[in-house]
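Just below is one structure, and these are the notes that go with it.
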Protein chains: 2
Amino acid sequence: MIYDVTLPISAGLPVWPGDVEPQIVGQASIPGGDSYNLTYLRLSSHTGTHLDAPLHMYAGAPAIADLPLDRLIGECWVSRLPDRVRRIGAAELQAAGIPSGTRRLLLRTANSTLWDHPHWEFRSDYAALLPEGAQWVVDRGMDLVGIDYLSVDLFEADKLPSHRLLLGAGVLALEGLDLRLIPEGCYGLICLPLRLMGAEGAPARVVLTSP
Amino acid sequence: MIYDVTLPISAGLPVWPGDVEPQIVGQASIPGGDSYNLTYLRLSSHTGTHLDAPLHMYAGAPAIADLPLDRLIGECWVSRLPDRVRRIGAAELQAAGIPSGTRRLLLRTANSTLWDHPHWEFRSDYAALLPEGAQWVVDRGMDLVGIDYLSVDLFEADKLPSHRLLLGAGVLALEGLDLRLIPEGCYGLICLPLRLMGAEGAPARVVLTSP
């Protein structure tokens, strides 16, 4: 089984307030008399389902194209947190039954239901990691943590402390997952961001596989 | 082993003449006094390593986000054609020893060496499929054919006959592969284009795996 956990990109997909909104712009069109259809894209590097590299928070740190593929492809654990959990701290992660040795952790929260209406406005009341939750992930030596809205930090955490803790420790942040249909458990993760040279983030296509 | 066969995207990457050139544009920068680095992208949907959907040539045909993932993930054959072959016809494919039953075929030609200098200008003398070569692929019921420069059609084939034959039969065209380091043989293909709604093509991250 292959599950697509990527948000579809189109005009109207919510973006972080102030960020560039996605546009797929026509350059040539068959209905318009051209012999082929052709578009170009105007997108934030943090559009929809996307990966943050350490360069997002730290000058001189690794960029998207510098990340080794074996961090992005391999076993992961999808943890289904209770819908009431909005501020994800160490206690919530400890209680979640995450297997020891997990290197890639995807957090399914009540956020995923926000994608039932992908053209909703940006929501600021999404669930995300408290700094102590980010530290819990760092302390376990993980390679990657993913979440089902547009930030690993709570909206009110305007200094982005969870980003700083994670990316400072080299833990990649995968944001904007659609985990609505994914039961808790172990999967194969394939997370492939665009190979953007020198960029601090990139839109990605992300799929989960199960035997 | 995981091999990245994706061209790195940066300003200067050759594009089809007249198409939008890739730009990674700064929105916020730590050296400039911001608390994070942030960019946005301006890219043709056919930038670098990219996938063509049938909609590229046929109005109303499937778009990128409509393509089933099991067409894009699975076994493939990389065929190393002799460097002297520029016009790839049925005879050249017949002579190449491509295993019967191949569903995904990637053609490594002399084109790949063009990526030794990725910031070269666009080259019009690349190797590509003659229409009879495209028909050979269609006749074998393949899902996908890939090549190591920016088009499955020869530059002088300005009506794009190989595109029309392939996409008309539902054979996806994967263009702009970097196969320099890939010996002929069987691999696992993972081809993940951006999930662009309604688009006729999309930049993709493409990797090959071998046991």
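The way I read the labels, and the way they are meant: chains A, B, ... in the order of the structure tokens, residue 1 as the first residue of every chain, and ligand 1 as the first ligand shown, with later ones counted on from there.
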Can you tell me which residues surround region 150-152 of chain A at a distance of at most 8 Å, considering only C-alpha atoms, apart from same-chain residues fewer than 3 positions away, and format the answer as JSON, numbers by chain? {"A": [15, 16, 48, 49, 128, 129, 146, 147, 155, 162, 163, 173, 175, 176]}
Just the selected residues (C-alpha atoms), exported as a PDB file, in the first residue's frame, please.
```
ATOM      1  CA  VAL A  15       0.019  29.646   3.824  1.00  0.00           C
ATOM      2  CA  TRP A  16       1.771  31.134   6.810  1.00  0.00           C
ATOM      3  CA  GLY A  48       1.897  22.973   1.809  1.00  0.00           C
ATOM      4  CA  THR A  49       3.772  19.801   2.717  1.00  0.00           C
ATOM      5  CA  ALA A 128       2.358  21.886  17.735  1.00  0.00           C
ATOM      6  CA  LEU A 129       5.399  21.157  19.873  1.00  0.00           C
ATOM      7  CA  GLY A 146       6.713  15.674  11.142  1.00  0.00           C
ATOM      8  CA  ILE A 147       3.411  17.324  11.968  1.00  0.00           C
ATOM      9  CA  PHE A 155       1.469  30.090  16.620  1.00  0.00           C
ATOM     10  CA  SER A 162      10.942  24.411  18.726  1.00  0.00           C
ATOM     11  CA  HIS A 163      12.360  25.124  15.269  1.00  0.00           C
ATOM     12  CA  ALA A 173      11.116  19.415  10.483  1.00  0.00           C
ATOM     13  CA  GLU A 175       5.428  20.309   8.120  1.00  0.00           C
ATOM     14  CA  GLY A 176       2.013  20.329   6.472  1.00  0.00           C
TER      15      GLY A 176
END
```
Could you work out which residues of chain B fall inside 8 Å of chain A? Count only C-alpha atoms, and format the result as number ranges by chain. B: 2, 6-10, 20, 24, 30-31, 35-46, 55-59, 65, 69-70, 159, 192-197, 199-201, 203-205
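Residue nearest His50 (chain B) within the list B:Leu167, B:Pro211, B:Asp178, B:Pro17: B:Asp178 [criterion: smallest interatomic distance, only C-alpha atoms].
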Got a sec: who's within 8 Å of region 92-96 of chain B, counting only C-alpha atoms, leaving out chain neighbours fewer than 6 positions off, as a ChimeraX atom specification? /B:79-81,85,133,136
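Running DSSP on the backbone and keeping only alpha helix (DSSP H), the residues of region 81-184 of chain A that qualify are A:Ala90, A:Ala91, A:Glu92, A:Leu93, A:Gln94, A:Pro131, A:Glu132, A:Gly133, A:Ala134, A:Gln135, A:Trp136, A:Val137, A:Val138, A:Asp139, A:Pro161, A:Ser162, A:His163, A:Arg164, A:Leu165, A:Leu166, A:Leu167, A:Gly168.
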If you keep C-alpha atoms, can you produce a file of those selected residues as a PDB file, in the first residue's frame?
```pdb
ATOM      1  CA  ALA A  90       7.332  15.888  26.976  1.00  0.00           C
ATOM      2  CA  ALA A  91       4.505  14.309  28.995  1.00  0.00           C
ATOM      3  CA  GLU A  92       2.270  13.970  25.944  1.00  0.00           C
ATOM      4  CA  LEU A  93       5.068  12.372  23.925  1.00  0.00           C
ATOM      5  CA  GLN A  94       6.040  10.109  26.809  1.00  0.00           C
ATOM      6  CA  PRO A 131       9.999  23.554  23.363  1.00  0.00           C
ATOM      7  CA  GLU A 132      10.106  20.758  25.930  1.00  0.00           C
ATOM      8  CA  GLY A 133       8.474  18.487  23.360  1.00  0.00           C
ATOM      9  CA  ALA A 134      11.069  19.459  20.770  1.00  0.00           C
ATOM     10  CA  GLN A 135      13.776  18.768  23.357  1.00  0.00           C
ATOM     11  CA  TRP A 136      12.258  15.331  24.014  1.00  0.00           C
ATOM     12  CA  VAL A 137      12.640  14.553  20.304  1.00  0.00           C
ATOM     13  CA  VAL A 138      16.203  15.910  20.238  1.00  0.00           C
ATOM     14  CA  ASP A 139      17.157  13.870  23.307  1.00  0.00           C
ATOM     15  CA  PRO A 161      11.857  27.910  19.879  1.00  0.00           C
ATOM     16  CA  SER A 162      10.942  24.411  18.726  1.00  0.00           C
ATOM     17  CA  HIS A 163      12.360  25.124  15.269  1.00  0.00           C
ATOM     18  CA  ARG A 164      15.564  26.353  16.918  1.00  0.00           C
ATOM     19  CA  LEU A 165      15.917  23.312  19.144  1.00  0.00           C
ATOM     20  CA  LEU A 166      15.177  20.803  16.405  1.00  0.00           C
ATOM     21  CA  LEU A 167      17.132  22.335  13.547  1.00  0.00           C
ATOM     22  CA  GLY A 168      19.993  23.311  15.851  1.00  0.00           C
TER      23      GLY A 168
END
```
Going by DSSP on the backbone, which bits of region 105-158 of chain B are strand (DSSP E or B)? Write them as a ChimeraX atom specification, please. /B:105-108,128-129,144-147,153
Generate the output file for the selected residues, N, CA and C atoms, as a PDB file, in the first residue's frame.
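Generated file (part_31.pdb):
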```
ATOM      1  N   LEU B 105      11.130   2.567 -18.153  1.00  0.00           N
ATOM      2  CA  LEU B 105      12.401   2.503 -18.886  1.00  0.00           C
ATOM      3  C   LEU B 105      13.077   3.863 -18.811  1.00  0.00           C
ATOM      4  N   LEU B 106      14.311   3.879 -18.322  1.00  0.00           N
ATOM      5  CA  LEU B 106      15.085   5.122 -18.292  1.00  0.00           C
ATOM      6  C   LEU B 106      16.238   4.982 -19.277  1.00  0.00           C
ATOM      7  N   LEU B 107      16.377   5.950 -20.145  1.00  0.00           N
ATOM      8  CA  LEU B 107      17.390   5.892 -21.203  1.00  0.00           C
ATOM      9  C   LEU B 107      18.573   6.764 -20.835  1.00  0.00           C
ATOM     10  N   ARG B 108      19.714   6.117 -20.650  1.00  0.00           N
ATOM     11  CA  ARG B 108      20.953   6.854 -20.424  1.00  0.00           C
ATOM     12  C   ARG B 108      21.681   6.961 -21.755  1.00  0.00           C
ATOM     13  N   ALA B 128      17.312  11.931 -28.291  1.00  0.00           N
ATOM     14  CA  ALA B 128      15.904  11.766 -27.882  1.00  0.00           C
ATOM     15  C   ALA B 128      15.237  10.749 -28.798  1.00  0.00           C
ATOM     16  N   LEU B 129      13.966  10.491 -28.529  1.00  0.00           N
ATOM     17  CA  LEU B 129      13.228   9.459 -29.255  1.00  0.00           C
ATOM     18  C   LEU B 129      12.711   9.966 -30.590  1.00  0.00           C
ATOM     19  N   LEU B 144       5.995   4.334 -18.186  1.00  0.00           N
ATOM     20  CA  LEU B 144       6.824   5.533 -18.061  1.00  0.00           C
ATOM     21  C   LEU B 144       8.100   5.350 -18.860  1.00  0.00           C
ATOM     22  N   VAL B 145       8.549   6.435 -19.496  1.00  0.00           N
ATOM     23  CA  VAL B 145       9.870   6.418 -20.124  1.00  0.00           C
ATOM     24  C   VAL B 145      10.609   7.691 -19.700  1.00  0.00           C
ATOM     25  N   GLY B 146      11.866   7.516 -19.358  1.00  0.00           N
ATOM     26  CA  GLY B 146      12.662   8.651 -18.897  1.00  0.00           C
ATOM     27  C   GLY B 146      13.875   8.845 -19.771  1.00  0.00           C
ATOM     28  N   ILE B 147      14.366  10.092 -19.805  1.00  0.00           N
ATOM     29  CA  ILE B 147      15.548  10.399 -20.596  1.00  0.00           C
ATOM     30  C   ILE B 147      16.366  11.475 -19.888  1.00  0.00           C
ATOM     31  N   ASP B 153      11.442  14.378 -27.178  1.00  0.00           N
ATOM     32  CA  ASP B 153      11.493  14.649 -28.617  1.00  0.00           C
ATOM     33  C   ASP B 153      12.812  15.306 -28.997  1.00  0.00           C
TER      34      ASP B 153
END
```
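Coordinates place CA of Leu208 (chain A) at a distance of 15.5 Å from CA of Leu51 (chain A).
Atom to atom, CA of Gly188 (chain A) and CA of Arg103 (chain A) stand 11.7 Å apart.
The coordinates place CA of Val171 (chain A) at 10.9 Å from CA of Leu67 (chain A).
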